[in-house]
file target.cif (mmCIF, C-alpha atoms)
data_query
loop_
_atom_site.group_PDB
_atom_site.id
_atom_site.type_symbol
_atom_site.label_atom_id
_atom_site.label_comp_id
_atom_site.auth_asym_id
_atom_site.auth_seq_id
_atom_site.Cartn_x
_atom_site.Cartn_y
_atom_site.Cartn_z
ATOM 1 C CA GLY A 23 0.000 0.000 0.000
ATOM 2 C CA ALA A 24 0.865 3.678 -0.029
ATOM 3 C CA VAL A 25 2.434 3.448 3.429
ATOM 4 C CA VAL A 26 5.463 1.821 1.753
ATOM 5 C CA LEU A 27 6.158 5.179 0.093
ATOM 6 C CA LEU A 28 6.654 6.649 3.580
ATOM 7 C CA ILE A 29 8.787 3.752 4.800
ATOM 8 C CA LEU A 30 11.064 4.168 1.752
ATOM 9 C CA ASN A 31 11.081 7.971 2.206
ATOM 10 C CA VAL A 32 9.630 8.621 -1.259
ATOM 11 C CA PHE A 33 7.480 11.078 0.672
ATOM 12 C CA SER A 34 8.862 12.627 3.824
ATOM 13 C CA PRO A 35 7.102 11.477 7.016
ATOM 14 C CA GLY A 36 6.476 15.170 7.709
ATOM 15 C CA ASP A 37 4.780 15.937 4.392
ATOM 16 C CA PRO A 38 1.022 16.636 4.398
ATOM 17 C CA ILE A 39 0.483 13.596 2.210
ATOM 18 C CA ALA A 40 1.943 11.468 5.006
ATOM 19 C CA ASN A 41 -0.959 12.508 7.244
ATOM 20 C CA TRP A 42 -3.442 11.358 4.604
ATOM 21 C CA ILE A 43 -1.671 8.042 4.031
ATOM 22 C CA LEU A 44 -1.426 7.251 7.740
ATOM 23 C CA ASP A 45 -5.019 8.275 8.406
ATOM 24 C CA ASP A 46 -6.185 5.967 5.619
ATOM 25 C CA TRP A 47 -3.932 3.196 6.930
ATOM 26 C CA GLU A 48 -5.230 3.487 10.491
ATOM 27 C CA ASP A 49 -8.898 4.206 9.765
ATOM 28 C CA ASN A 50 -9.587 2.166 6.627
ATOM 29 C CA GLU A 51 -7.027 -0.340 5.441
ATOM 30 C CA THR A 52 -6.312 -1.974 8.804
ATOM 31 C CA LEU A 53 -9.796 -1.747 10.325
ATOM 32 C CA SER A 54 -11.899 -3.274 7.565
ATOM 33 C CA SER A 55 -11.692 -6.127 5.078
ATOM 34 C CA GLY A 56 -12.489 -3.951 2.071
ATOM 35 C CA MET A 57 -8.844 -3.829 0.939
ATOM 36 C CA GLY A 58 -8.181 -7.457 1.844
ATOM 37 C CA MET A 59 -5.349 -6.370 4.128
ATOM 38 C CA ASN A 60 -6.548 -7.950 7.366
ATOM 39 C CA ILE A 61 -8.225 -11.102 8.608
ATOM 40 C CA HIS A 62 -10.843 -9.908 11.044
ATOM 41 C CA GLY A 63 -13.397 -8.155 8.842
ATOM 42 C CA MET A 64 -14.851 -4.933 10.150
ATOM 43 C CA THR A 65 -13.275 -4.129 13.493
ATOM 44 C CA ASP A 66 -15.510 -3.143 16.377
ATOM 45 C CA ASP A 67 -14.664 0.364 17.590
ATOM 46 C CA ARG A 68 -13.773 -1.085 20.985
ATOM 47 C CA TYR A 69 -10.820 -2.979 19.486
ATOM 48 C CA TRP A 70 -9.225 -0.297 17.339
ATOM 49 C CA PHE A 71 -6.170 -0.222 19.592
ATOM 50 C CA SER A 72 -5.403 -3.950 19.652
ATOM 51 C CA GLN A 73 -6.563 -4.883 16.143
ATOM 52 C CA GLY A 74 -5.714 -1.817 14.078
ATOM 53 C CA GLY A 75 -2.524 -0.337 12.731
ATOM 54 C CA MET A 76 -1.158 -3.457 11.025
ATOM 55 C CA VAL A 77 -2.077 -5.946 8.326
ATOM 56 C CA PHE A 78 -1.989 -9.744 8.200
ATOM 57 C CA GLN A 79 1.712 -9.859 7.270
ATOM 58 C CA ALA A 80 2.578 -7.439 10.015
ATOM 59 C CA ASN A 81 6.355 -7.559 9.633
ATOM 60 C CA LEU A 82 6.309 -6.989 5.890
ATOM 61 C CA VAL A 83 4.505 -3.636 6.014
ATOM 62 C CA ASN A 84 4.367 -1.768 9.294
ATOM 63 C CA PRO A 85 4.861 2.010 9.704
ATOM 64 C CA ILE A 86 6.848 1.787 12.954
ATOM 65 C CA GLN A 87 9.789 3.656 11.411
ATOM 66 C CA VAL A 88 7.469 6.345 10.068
ATOM 67 C CA TYR A 89 6.024 6.949 13.518
ATOM 68 C CA LEU A 90 9.536 7.153 14.980
ATOM 69 C CA HIS A 91 10.487 9.750 12.336
ATOM 70 C CA ARG A 92 7.385 11.730 13.325
ATOM 71 C CA HIS A 93 8.100 11.306 17.065
ATOM 72 C CA GLU A 94 4.698 9.653 17.494
ATOM 73 C CA VAL A 95 6.166 7.130 19.881
ATOM 74 C CA PRO A 96 2.984 5.630 21.407
ATOM 75 C CA ALA A 97 1.823 4.680 17.891
ATOM 76 C CA ALA A 98 5.177 3.010 17.150
ATOM 77 C CA ILE A 99 5.118 1.044 20.412
ATOM 78 C CA ARG A 100 1.495 -0.009 19.893
ATOM 79 C CA ASN A 101 2.307 -1.407 16.430
ATOM 80 C CA LEU A 102 5.409 -3.195 17.680
ATOM 81 C CA TYR A 103 3.571 -4.878 20.561
ATOM 82 C CA ASN A 104 0.511 -5.826 18.482
ATOM 83 C CA ASP A 105 2.810 -7.260 15.834
ATOM 84 C CA PHE A 106 4.606 -9.363 18.441
ATOM 85 C CA VAL A 107 1.429 -10.766 19.983
ATOM 86 C CA ALA A 108 -0.171 -11.600 16.638
ATOM 87 C CA CYS A 109 2.825 -13.276 14.984
ATOM 88 C CA LEU A 110 4.665 -15.172 17.717
ATOM 89 C CA TYR A 111 4.494 -18.931 18.160
ATOM 90 C CA PRO A 112 5.551 -18.987 21.843
ATOM 91 C CA GLU A 113 5.916 -22.796 21.921
ATOM 92 C CA VAL A 114 8.879 -22.642 19.535
ATOM 93 C CA ASN A 115 9.790 -18.941 19.890
ATOM 94 C CA VAL A 116 9.514 -18.090 16.187
ATOM 95 C CA PHE A 117 7.367 -15.751 14.098
ATOM 96 C CA THR A 118 4.830 -16.667 11.463
ATOM 97 C CA GLU A 119 4.722 -15.008 8.070
ATOM 98 C CA GLU A 120 1.026 -14.170 8.471
ATOM 99 C CA TYR A 121 -1.472 -14.372 11.299
ATOM 100 C CA HIS A 122 -4.955 -15.722 10.641
ATOM 101 C CA GLN A 123 -6.283 -15.481 14.180
ATOM 102 C CA TRP A 124 -5.771 -13.122 17.083
ATOM 103 C CA ARG A 125 -3.885 -14.027 20.257
ATOM 104 C CA HIS A 126 -1.348 -16.453 18.741
ATOM 105 C CA GLY A 127 0.692 -17.149 15.617
ATOM 106 C CA SER A 128 -1.470 -18.912 13.060
ATOM 107 C CA GLY A 129 0.076 -18.454 9.642
ATOM 108 C CA PRO A 130 1.167 -21.022 7.084
ATOM 109 C CA PHE A 131 4.821 -21.306 8.118
ATOM 110 C CA TYR A 132 7.699 -19.668 9.972
ATOM 111 C CA LYS A 133 9.441 -16.773 8.273
ATOM 112 C CA ILE A 134 13.045 -15.841 9.036
ATOM 113 C CA SER A 135 12.918 -12.661 6.963
ATOM 114 C CA ASP A 136 9.859 -11.438 8.845
ATOM 115 C CA GLU A 137 11.566 -12.243 12.152
ATOM 116 C CA SER A 138 14.563 -10.206 10.981
ATOM 117 C CA ARG A 139 12.323 -7.231 10.228
ATOM 118 C CA PHE A 140 10.884 -7.391 13.725
ATOM 119 C CA VAL A 141 14.370 -7.492 15.261
ATOM 120 C CA ASN A 142 15.305 -4.461 13.168
ATOM 121 C CA ARG A 143 12.222 -2.571 14.343
ATOM 122 C CA VAL A 144 13.154 -3.290 17.960
ATOM 123 C CA ARG A 145 16.622 -2.031 17.128
ATOM 124 C CA ASP A 146 15.096 1.164 15.697
ATOM 125 C CA THR A 147 13.304 1.876 18.975
ATOM 126 C CA LEU A 148 16.698 1.790 20.724
ATOM 127 C CA VAL A 149 18.974 3.375 18.095
ATOM 128 C CA PHE A 150 17.539 5.272 15.144
ATOM 129 C CA GLU A 151 19.253 7.159 12.317
ATOM 130 C CA ASP A 152 17.294 10.148 11.000
ATOM 131 C CA GLY A 153 19.365 11.742 8.253
ATOM 132 C CA ASP A 154 22.499 13.141 9.858
ATOM 133 C CA ALA A 155 21.038 12.777 13.368
ATOM 134 C CA LEU A 156 21.285 9.832 15.730
ATOM 135 C CA TRP A 157 18.514 9.130 18.244
ATOM 136 C CA LEU A 158 18.967 6.899 21.272
ATOM 137 C CA ALA A 159 16.015 5.195 23.003
ATOM 138 C CA SER A 160 13.501 7.245 21.020
ATOM 139 C CA GLY A 161 11.002 4.378 20.911
ATOM 140 C CA ALA A 162 11.562 2.872 24.350
ATOM 141 C CA PRO A 163 8.473 2.593 26.588
ATOM 142 C CA ARG A 164 8.487 5.017 29.517
ATOM 143 C CA ARG A 165 8.341 2.255 32.111
ATOM 144 C CA TRP A 166 11.675 0.852 30.914
ATOM 145 C CA PHE A 167 13.408 3.990 32.183
ATOM 146 C CA ALA A 168 12.041 3.429 35.693
ATOM 147 C CA SER A 169 13.239 -0.176 35.978
ATOM 148 C CA LYS A 170 16.385 -1.243 37.802
ATOM 149 C CA GLU A 171 17.313 -3.508 34.877
ATOM 150 C CA GLY A 172 16.836 -0.610 32.463
ATOM 151 C CA ILE A 173 18.143 -0.724 28.898
ATOM 152 C CA GLN A 174 21.523 -2.028 27.774
ATOM 153 C CA VAL A 175 22.898 -1.532 24.258
ATOM 154 C CA LYS A 176 26.397 -2.818 23.456
ATOM 155 C CA ASP A 177 28.304 -1.980 20.259
ATOM 156 C CA LEU A 178 25.168 -1.716 18.156
ATOM 157 C CA GLN A 179 26.154 -0.943 14.573
ATOM 158 C CA THR A 180 24.842 2.255 13.003
ATOM 159 C CA PHE A 181 25.602 4.305 9.901
ATOM 160 C CA PHE A 182 27.799 6.479 12.145
ATOM 161 C CA GLY A 183 29.636 3.586 13.788
ATOM 162 C CA PRO A 184 29.023 1.408 16.858
ATOM 163 C CA VAL A 185 27.137 2.891 19.807
ATOM 164 C CA SER A 186 26.742 1.681 23.393
ATOM 165 C CA TYR A 187 24.651 2.924 26.287
ATOM 166 C CA THR A 188 22.958 1.865 29.489
ATOM 167 C CA VAL A 189 19.943 3.434 31.173
ATOM 168 C CA HIS A 190 18.457 2.508 34.543
ATOM 169 C CA ALA A 191 16.570 3.917 37.492
ATOM 170 C CA GLY A 192 18.689 5.727 40.059
ATOM 171 C CA ALA A 193 19.012 4.813 43.718
ATOM 172 C CA THR A 194 16.420 7.433 44.680
ATOM 173 C CA ALA A 195 12.926 7.924 43.309
ATOM 174 C CA GLY A 196 12.549 10.292 40.375
ATOM 175 C CA VAL A 197 16.093 9.811 39.061
ATOM 176 C CA VAL A 198 17.285 8.057 35.887
ATOM 177 C CA LYS A 199 20.955 7.537 35.059
ATOM 178 C CA ALA A 200 22.483 6.898 31.648
ATOM 179 C CA SER A 201 26.002 6.156 30.432
ATOM 180 C CA ILE A 202 26.558 6.745 26.707
ATOM 181 C CA ASP A 203 29.384 6.073 24.236
ATOM 182 C CA LEU A 204 28.530 7.785 20.954
ATOM 183 C CA PRO A 205 29.995 6.604 17.631
ATOM 184 C CA SER A 206 33.160 8.364 16.491
ATOM 185 C CA ARG A 207 33.960 6.725 13.146
ATOM 186 C CA ASN A 208 31.523 8.961 11.252
ATOM 187 C CA ALA A 209 30.155 11.188 13.981
ATOM 188 C CA PRO A 210 26.562 12.388 13.554
ATOM 189 C CA LYS A 211 25.955 16.104 13.232
ATOM 190 C CA GLN A 212 23.315 15.794 15.937
ATOM 191 C CA ALA A 213 22.903 13.232 18.692
ATOM 192 C CA TRP A 214 19.851 12.974 20.926
ATOM 193 C CA PHE A 215 18.954 10.872 23.928
ATOM 194 C CA ALA A 216 15.206 10.428 24.273
ATOM 195 C CA ALA A 217 14.582 10.667 28.007
ATOM 196 C CA ARG A 218 11.009 9.378 28.060
ATOM 197 C CA MET A 219 10.513 9.779 31.781
ATOM 198 C CA PRO A 220 7.647 7.888 33.481
ATOM 199 C CA SER A 221 6.079 11.186 34.578
ATOM 200 C CA GLY A 222 6.393 12.676 31.103
ATOM 201 C CA VAL A 223 8.342 15.656 32.511
ATOM 202 C CA ILE A 224 12.108 16.259 32.576
ATOM 203 C CA ARG A 225 12.830 18.485 35.591
ATOM 204 C CA SER A 226 16.616 18.804 35.295
ATOM 205 C CA VAL A 227 19.672 17.179 33.714
ATOM 206 C CA THR A 228 23.341 16.981 34.585
ATOM 207 C CA LEU A 229 25.956 15.920 32.028
ATOM 208 C CA ASN A 230 29.250 14.615 33.432
ATOM 209 C CA GLY A 231 28.341 16.210 36.751
ATOM 210 C CA LYS A 232 27.473 19.678 35.406
ATOM 211 C CA PRO A 233 24.027 21.226 34.748
ATOM 212 C CA TRP A 234 22.875 20.703 31.161
ATOM 213 C CA THR A 235 20.062 22.723 29.608
ATOM 214 C CA LYS A 236 20.005 21.602 25.966
ATOM 215 C CA ILE A 237 16.643 19.873 26.252
ATOM 216 C CA ASP A 238 13.773 19.604 23.776
ATOM 217 C CA ARG A 239 10.902 18.964 26.169
ATOM 218 C CA ALA A 240 8.351 18.662 23.377
ATOM 219 C CA LYS A 241 10.202 15.563 22.180
ATOM 220 C CA ASP A 242 11.406 14.365 25.615
ATOM 221 C CA ALA A 243 14.919 14.677 24.222
ATOM 222 C CA ILE A 244 18.341 15.749 25.453
ATOM 223 C CA ALA A 245 20.923 17.028 22.963
ATOM 224 C CA LEU A 246 24.283 15.282 23.338
ATOM 225 C CA PRO A 247 27.725 16.705 22.493
ATOM 226 C CA PRO A 248 29.266 14.295 19.960
ATOM 227 C CA ASP A 249 32.930 14.861 20.850
ATOM 228 C CA GLN A 250 33.296 14.502 24.626
ATOM 229 C CA GLY A 251 33.882 10.780 25.013
ATOM 230 C CA ARG A 252 31.755 8.881 27.498
ATOM 231 C CA LEU A 253 28.715 10.838 28.657
ATOM 232 C CA GLU A 254 27.186 10.380 32.100
ATOM 233 C CA LEU A 255 23.674 11.710 32.429
ATOM 234 C CA GLU A 256 21.551 12.130 35.532
ATOM 235 C CA ILE A 257 17.950 13.033 34.789
ATOM 236 C CA ARG A 258 15.434 14.104 37.397
ATOM 237 C CA TYR A 259 11.713 13.897 36.734
#
call {"tool": "encode", "arguments": {"input": "target.cif", "output": "structure tokens"}}
result
Amino acid sequence: GAVVLLILNVFSPGDPIANWILDDWEDNETLSSGMGMNIHGMTDDRYWFSQGGMVFQANLVNPIQVYLHRHEVPAAIRNLYNDFVACLYPEVNVFTEEYHQWRHGSGPFYKISDESRFVNRVRDTLVFEDGDALWLASGAPRRWFASKEGIQVKDLQTFFGPVSYTVHAGATAGVVKASIDLPSRNAPKQAWFAARMPSGVIRSVTLNGKPWTKIDRAKDAIALPPDQGRLELEIRY
């Protein structure tokens, strides 16, 4: 469908036409059987959240990357989770190519390429290239930042070079700590850490022990200097 034109960046995710394509995708193509793109017929309004936003081969066409480009993170997370639930065979821990029922994998066979796409979409939620900018954790659920286990990324390959970081809850309530090693091989012009705090509000940030004010609160994002080696962040929310 037309959503592929956004995934391939034929149209920019910020163009007006992108709004039309995504609205049609969410409201028509994935909520009714008229286009033959889903398996459940007309979706009851009560189930738009859990049954909409993706088609029967959910890993082949899924606008998760488009939503990340647009910083519409809840939509990206919703699609990723619905995709996972619909396509996974938990007994053997593999994905189906297509799902024919809700609640469990039910397609004709396992599909390595579709599994690979899902892994790449998870990767995009943790490390995402957007032109000459690098985004870290831009698609991570807010509750991950409040967990003691947190998020750990080790030498993940990007266009700019390998990147590593850890994020976890601090020892006191309302604090998140992050340790970041940005890529240096082909350094991005901009680097951002998406601090999606559980409260939705970033109160203050220190970078390597000093106050840091380069924050885009509309995007829950902290600008990172690309040339200072390891970065230690403390975020209060």
call {"tool": "resolve_selection", "arguments": {"input": "target.cif", "expression": "the PyMOL selection byres ((chain A and resi 107-114) around 10)", "output": "PDB file with C-alpha atoms, in the coordinates of the input"}}
result
ATOM      1  CA  SER A  72      -5.403  -3.950  19.652  1.00  0.00           C
ATOM      2  CA  GLN A  73      -6.563  -4.883  16.143  1.00  0.00           C
ATOM      3  CA  MET A  76      -1.158  -3.457  11.025  1.00  0.00           C
ATOM      4  CA  PHE A  78      -1.989  -9.744   8.200  1.00  0.00           C
ATOM      5  CA  GLN A  79       1.712  -9.859   7.270  1.00  0.00           C
ATOM      6  CA  ALA A  80       2.578  -7.439  10.015  1.00  0.00           C
ATOM      7  CA  ASN A  81       6.355  -7.559   9.633  1.00  0.00           C
ATOM      8  CA  LEU A 102       5.409  -3.195  17.680  1.00  0.00           C
ATOM      9  CA  TYR A 103       3.571  -4.878  20.561  1.00  0.00           C
ATOM     10  CA  ASN A 104       0.511  -5.826  18.482  1.00  0.00           C
ATOM     11  CA  ASP A 105       2.810  -7.260  15.834  1.00  0.00           C
ATOM     12  CA  PHE A 106       4.606  -9.363  18.441  1.00  0.00           C
ATOM     13  CA  ASN A 115       9.790 -18.941  19.890  1.00  0.00           C
ATOM     14  CA  VAL A 116       9.514 -18.090  16.187  1.00  0.00           C
ATOM     15  CA  PHE A 117       7.367 -15.751  14.098  1.00  0.00           C
ATOM     16  CA  THR A 118       4.830 -16.667  11.463  1.00  0.00           C
ATOM     17  CA  GLU A 119       4.722 -15.008   8.070  1.00  0.00           C
ATOM     18  CA  GLU A 120       1.026 -14.170   8.471  1.00  0.00           C
ATOM     19  CA  TYR A 121      -1.472 -14.372  11.299  1.00  0.00           C
ATOM     20  CA  HIS A 122      -4.955 -15.722  10.641  1.00  0.00           C
ATOM     21  CA  GLN A 123      -6.283 -15.481  14.180  1.00  0.00           C
ATOM     22  CA  TRP A 124      -5.771 -13.122  17.083  1.00  0.00           C
ATOM     23  CA  ARG A 125      -3.885 -14.027  20.257  1.00  0.00           C
ATOM     24  CA  HIS A 126      -1.348 -16.453  18.741  1.00  0.00           C
ATOM     25  CA  GLY A 127       0.692 -17.149  15.617  1.00  0.00           C
ATOM     26  CA  SER A 128      -1.470 -18.912  13.060  1.00  0.00           C
ATOM     27  CA  GLY A 129       0.076 -18.454   9.642  1.00  0.00           C
ATOM     28  CA  TYR A 132       7.699 -19.668   9.972  1.00  0.00           C
ATOM     29  CA  ASP A 136       9.859 -11.438   8.845  1.00  0.00           C
ATOM     30  CA  GLU A 137      11.566 -12.243  12.152  1.00  0.00           C
TER      31      GLU A 137
END
call {"tool": "closest_residue", "arguments": {"input": "target.cif", "among": "A:Arg239, A:Arg68, A:Lys133, A:Arg143", "to": "A:Gln87", "atoms": "only C-alpha atoms"}}
result
A:Arg143
call {"tool": "resolve_selection", "arguments": {"input": "target.cif", "expression": "the PyMOL selection byres ((chain A and resi 160) around 12)", "output": "PDB file with C-alpha atoms, in the frame of the given file"}}
result
ATOM      1  CA  ILE A  86       6.848   1.787  12.954  1.00  0.00           C
ATOM      2  CA  GLN A  87       9.789   3.656  11.411  1.00  0.00           C
ATOM      3  CA  TYR A  89       6.024   6.949  13.518  1.00  0.00           C
ATOM      4  CA  LEU A  90       9.536   7.153  14.980  1.00  0.00           C
ATOM      5  CA  HIS A  91      10.487   9.750  12.336  1.00  0.00           C
ATOM      6  CA  ARG A  92       7.385  11.730  13.325  1.00  0.00           C
ATOM      7  CA  HIS A  93       8.100  11.306  17.065  1.00  0.00           C
ATOM      8  CA  GLU A  94       4.698   9.653  17.494  1.00  0.00           C
ATOM      9  CA  VAL A  95       6.166   7.130  19.881  1.00  0.00           C
ATOM     10  CA  PRO A  96       2.984   5.630  21.407  1.00  0.00           C
ATOM     11  CA  ALA A  98       5.177   3.010  17.150  1.00  0.00           C
ATOM     12  CA  ILE A  99       5.118   1.044  20.412  1.00  0.00           C
ATOM     13  CA  ARG A 143      12.222  -2.571  14.343  1.00  0.00           C
ATOM     14  CA  VAL A 144      13.154  -3.290  17.960  1.00  0.00           C
ATOM     15  CA  ARG A 145      16.622  -2.031  17.128  1.00  0.00           C
ATOM     16  CA  ASP A 146      15.096   1.164  15.697  1.00  0.00           C
ATOM     17  CA  THR A 147      13.304   1.876  18.975  1.00  0.00           C
ATOM     18  CA  LEU A 148      16.698   1.790  20.724  1.00  0.00           C
ATOM     19  CA  VAL A 149      18.974   3.375  18.095  1.00  0.00           C
ATOM     20  CA  PHE A 150      17.539   5.272  15.144  1.00  0.00           C
ATOM     21  CA  GLU A 151      19.253   7.159  12.317  1.00  0.00           C
ATOM     22  CA  ASP A 152      17.294  10.148  11.000  1.00  0.00           C
ATOM     23  CA  LEU A 156      21.285   9.832  15.730  1.00  0.00           C
ATOM     24  CA  TRP A 157      18.514   9.130  18.244  1.00  0.00           C
ATOM     25  CA  LEU A 158      18.967   6.899  21.272  1.00  0.00           C
ATOM     26  CA  ALA A 159      16.015   5.195  23.003  1.00  0.00           C
ATOM     27  CA  GLY A 161      11.002   4.378  20.911  1.00  0.00           C
ATOM     28  CA  ALA A 162      11.562   2.872  24.350  1.00  0.00           C
ATOM     29  CA  PRO A 163       8.473   2.593  26.588  1.00  0.00           C
ATOM     30  CA  ARG A 164       8.487   5.017  29.517  1.00  0.00           C
ATOM     31  CA  TRP A 166      11.675   0.852  30.914  1.00  0.00           C
ATOM     32  CA  PHE A 167      13.408   3.990  32.183  1.00  0.00           C
ATOM     33  CA  ALA A 213      22.903  13.232  18.692  1.00  0.00           C
ATOM     34  CA  TRP A 214      19.851  12.974  20.926  1.00  0.00           C
ATOM     35  CA  PHE A 215      18.954  10.872  23.928  1.00  0.00           C
ATOM     36  CA  ALA A 216      15.206  10.428  24.273  1.00  0.00           C
ATOM     37  CA  ALA A 217      14.582  10.667  28.007  1.00  0.00           C
ATOM     38  CA  ARG A 218      11.009   9.378  28.060  1.00  0.00           C
ATOM     39  CA  MET A 219      10.513   9.779  31.781  1.00  0.00           C
ATOM     40  CA  LYS A 241      10.202  15.563  22.180  1.00  0.00           C
ATOM     41  CA  ASP A 242      11.406  14.365  25.615  1.00  0.00           C
ATOM     42  CA  ALA A 243      14.919  14.677  24.222  1.00  0.00           C
ATOM     43  CA  ILE A 244      18.341  15.749  25.453  1.00  0.00           C
TER      44      ILE A 244
END
call {"tool": "closest_residue", "arguments": {"input": "target.cif", "among": "A:Ile237, A:Leu28, A:Ala209, A:Val227", "to": "A:Gln250", "atoms": "all atoms listed in the file"}}
result
A:Ala209
call {"tool": "resolve_selection", "arguments": {"input": "target.cif", "expression": "the PyMOL selection byres ((chain A and resi 210) around 6)", "output": "JSON, numbers by chain"}}
result
{"A": [154, 155, 209, 211, 212]}
call {"tool": "atom_distance", "arguments": {"input": "target.cif", "atom1": "atom CA of A:Arg139", "atom2": "atom CA of A:Leu246"}}
result
28.7 Å
call {"tool": "closest_residue", "arguments": {"input": "target.cif", "among": "A:Arg100, A:Arg258, A:Lys236, A:Arg252", "to": "A:Gly196", "atoms": "all atoms listed in the file"}}
result
A:Arg258
call {"tool": "atom_distance", "arguments": {"input": "target.cif", "atom1": "atom CA of A:Thr188", "atom2": "atom CA of A:Gln174"}}
result
4.5 Å
call {"tool": "atom_distance", "arguments": {"input": "target.cif", "atom1": "atom CA of A:Ile257", "atom2": "atom CA of A:Val175"}}
result
18.6 Å
call {"tool": "residues_near_point", "arguments": {"input": "target.cif", "point": "(17.7, 9.2, 33.8)", "cutoff": "6 Å", "atoms": "all atoms listed in the file", "output": "count of residues only"}}
result
6
call {"tool": "closest_residue", "arguments": {"input": "target.cif", "among": "A:Ser221, A:Asn31, A:Ser201, A:Thr228", "to": "A:Leu253", "atoms": "only C-alpha atoms"}}
result
A:Ser201
call {"tool": "closest_residue", "arguments": {"input": "target.cif", "among": "A:Val77, A:Met64, A:Val223, A:Val25", "to": "A:Asp45", "atoms": "all atoms listed in the file"}}
result
A:Val25
call {"tool": "residues_near_point", "arguments": {"input": "target.cif", "point": "(14.6, -3.0, 39.4)", "cutoff": "10 Å", "atoms": "only C-alpha atoms", "output": "list in words"}}
result
Trp166, Ala168, Ser169, Lys170, Glu171, Gly172, His190, Ala191, Gly192 and Ala193 of chain A
call {"tool": "decode", "arguments": {"input": "target.cif", "residues": "stretch 195-212 of chain A", "atoms": "N, CA and C atoms", "output": "PDB file, in the first residue's frame"}}
result
ATOM      1  N   ALA A 195      14.091   7.780  44.182  1.00  0.00           N
ATOM      2  CA  ALA A 195      12.926   7.924  43.309  1.00  0.00           C
ATOM      3  C   ALA A 195      13.045   9.189  42.469  1.00  0.00           C
ATOM      4  N   GLY A 196      12.549   9.127  41.234  1.00  0.00           N
ATOM      5  CA  GLY A 196      12.549  10.292  40.375  1.00  0.00           C
ATOM      6  C   GLY A 196      13.869  10.594  39.704  1.00  0.00           C
ATOM      7  N   VAL A 197      14.790   9.617  39.689  1.00  0.00           N
ATOM      8  CA  VAL A 197      16.093   9.811  39.061  1.00  0.00           C
ATOM      9  C   VAL A 197      16.350   8.678  38.066  1.00  0.00           C
ATOM     10  N   VAL A 198      16.843   9.024  36.888  1.00  0.00           N
ATOM     11  CA  VAL A 198      17.285   8.057  35.887  1.00  0.00           C
ATOM     12  C   VAL A 198      18.725   8.386  35.526  1.00  0.00           C
ATOM     13  N   LYS A 199      19.551   7.347  35.420  1.00  0.00           N
ATOM     14  CA  LYS A 199      20.955   7.537  35.059  1.00  0.00           C
ATOM     15  C   LYS A 199      21.241   6.830  33.737  1.00  0.00           C
ATOM     16  N   ALA A 200      22.103   7.463  32.938  1.00  0.00           N
ATOM     17  CA  ALA A 200      22.483   6.898  31.648  1.00  0.00           C
ATOM     18  C   ALA A 200      23.976   7.091  31.427  1.00  0.00           C
ATOM     19  N   SER A 201      24.589   6.088  30.817  1.00  0.00           N
ATOM     20  CA  SER A 201      26.002   6.156  30.432  1.00  0.00           C
ATOM     21  C   SER A 201      26.058   5.875  28.932  1.00  0.00           C
ATOM     22  N   ILE A 202      26.670   6.787  28.168  1.00  0.00           N
ATOM     23  CA  ILE A 202      26.558   6.745  26.707  1.00  0.00           C
ATOM     24  C   ILE A 202      27.936   6.868  26.061  1.00  0.00           C
ATOM     25  N   ASP A 203      28.204   5.974  25.093  1.00  0.00           N
ATOM     26  CA  ASP A 203      29.384   6.073  24.236  1.00  0.00           C
ATOM     27  C   ASP A 203      28.897   6.254  22.804  1.00  0.00           C
ATOM     28  N   LEU A 204      28.990   7.488  22.298  1.00  0.00           N
ATOM     29  CA  LEU A 204      28.530   7.785  20.954  1.00  0.00           C
ATOM     30  C   LEU A 204      29.530   7.286  19.909  1.00  0.00           C
ATOM     31  N   PRO A 205      29.069   7.029  18.687  1.00  0.00           N
ATOM     32  CA  PRO A 205      29.995   6.604  17.631  1.00  0.00           C
ATOM     33  C   PRO A 205      30.933   7.725  17.228  1.00  0.00           C
ATOM     34  N   SER A 206      32.159   7.362  16.873  1.00  0.00           N
ATOM     35  CA  SER A 206      33.160   8.364  16.491  1.00  0.00           C
ATOM     36  C   SER A 206      33.683   8.158  15.073  1.00  0.00           C
ATOM     37  N   ARG A 207      33.425   6.998  14.482  1.00  0.00           N
ATOM     38  CA  ARG A 207      33.960   6.725  13.146  1.00  0.00           C
ATOM     39  C   ARG A 207      33.465   7.734  12.115  1.00  0.00           C
ATOM     40  N   ASN A 208      32.164   8.015  12.169  1.00  0.00           N
ATOM     41  CA  ASN A 208      31.523   8.961  11.252  1.00  0.00           C
ATOM     42  C   ASN A 208      30.502   9.723  12.083  1.00  0.00           C
ATOM     43  N   ALA A 209      30.990  10.584  12.935  1.00  0.00           N
ATOM     44  CA  ALA A 209      30.155  11.188  13.981  1.00  0.00           C
ATOM     45  C   ALA A 209      28.935  11.888  13.402  1.00  0.00           C
ATOM     46  N   PRO A 210      27.764  11.688  14.012  1.00  0.00           N
ATOM     47  CA  PRO A 210      26.562  12.388  13.554  1.00  0.00           C
ATOM     48  C   PRO A 210      26.668  13.883  13.822  1.00  0.00           C
ATOM     49  N   LYS A 211      25.973  14.660  12.997  1.00  0.00           N
ATOM     50  CA  LYS A 211      25.955  16.104  13.232  1.00  0.00           C
ATOM     51  C   LYS A 211      25.136  16.443  14.471  1.00  0.00           C
ATOM     52  N   GLN A 212      24.125  15.616  14.739  1.00  0.00           N
ATOM     53  CA  GLN A 212      23.315  15.794  15.937  1.00  0.00           C
ATOM     54  C   GLN A 212      23.143  14.441  16.615  1.00  0.00           C
TER      55      GLN A 212
END
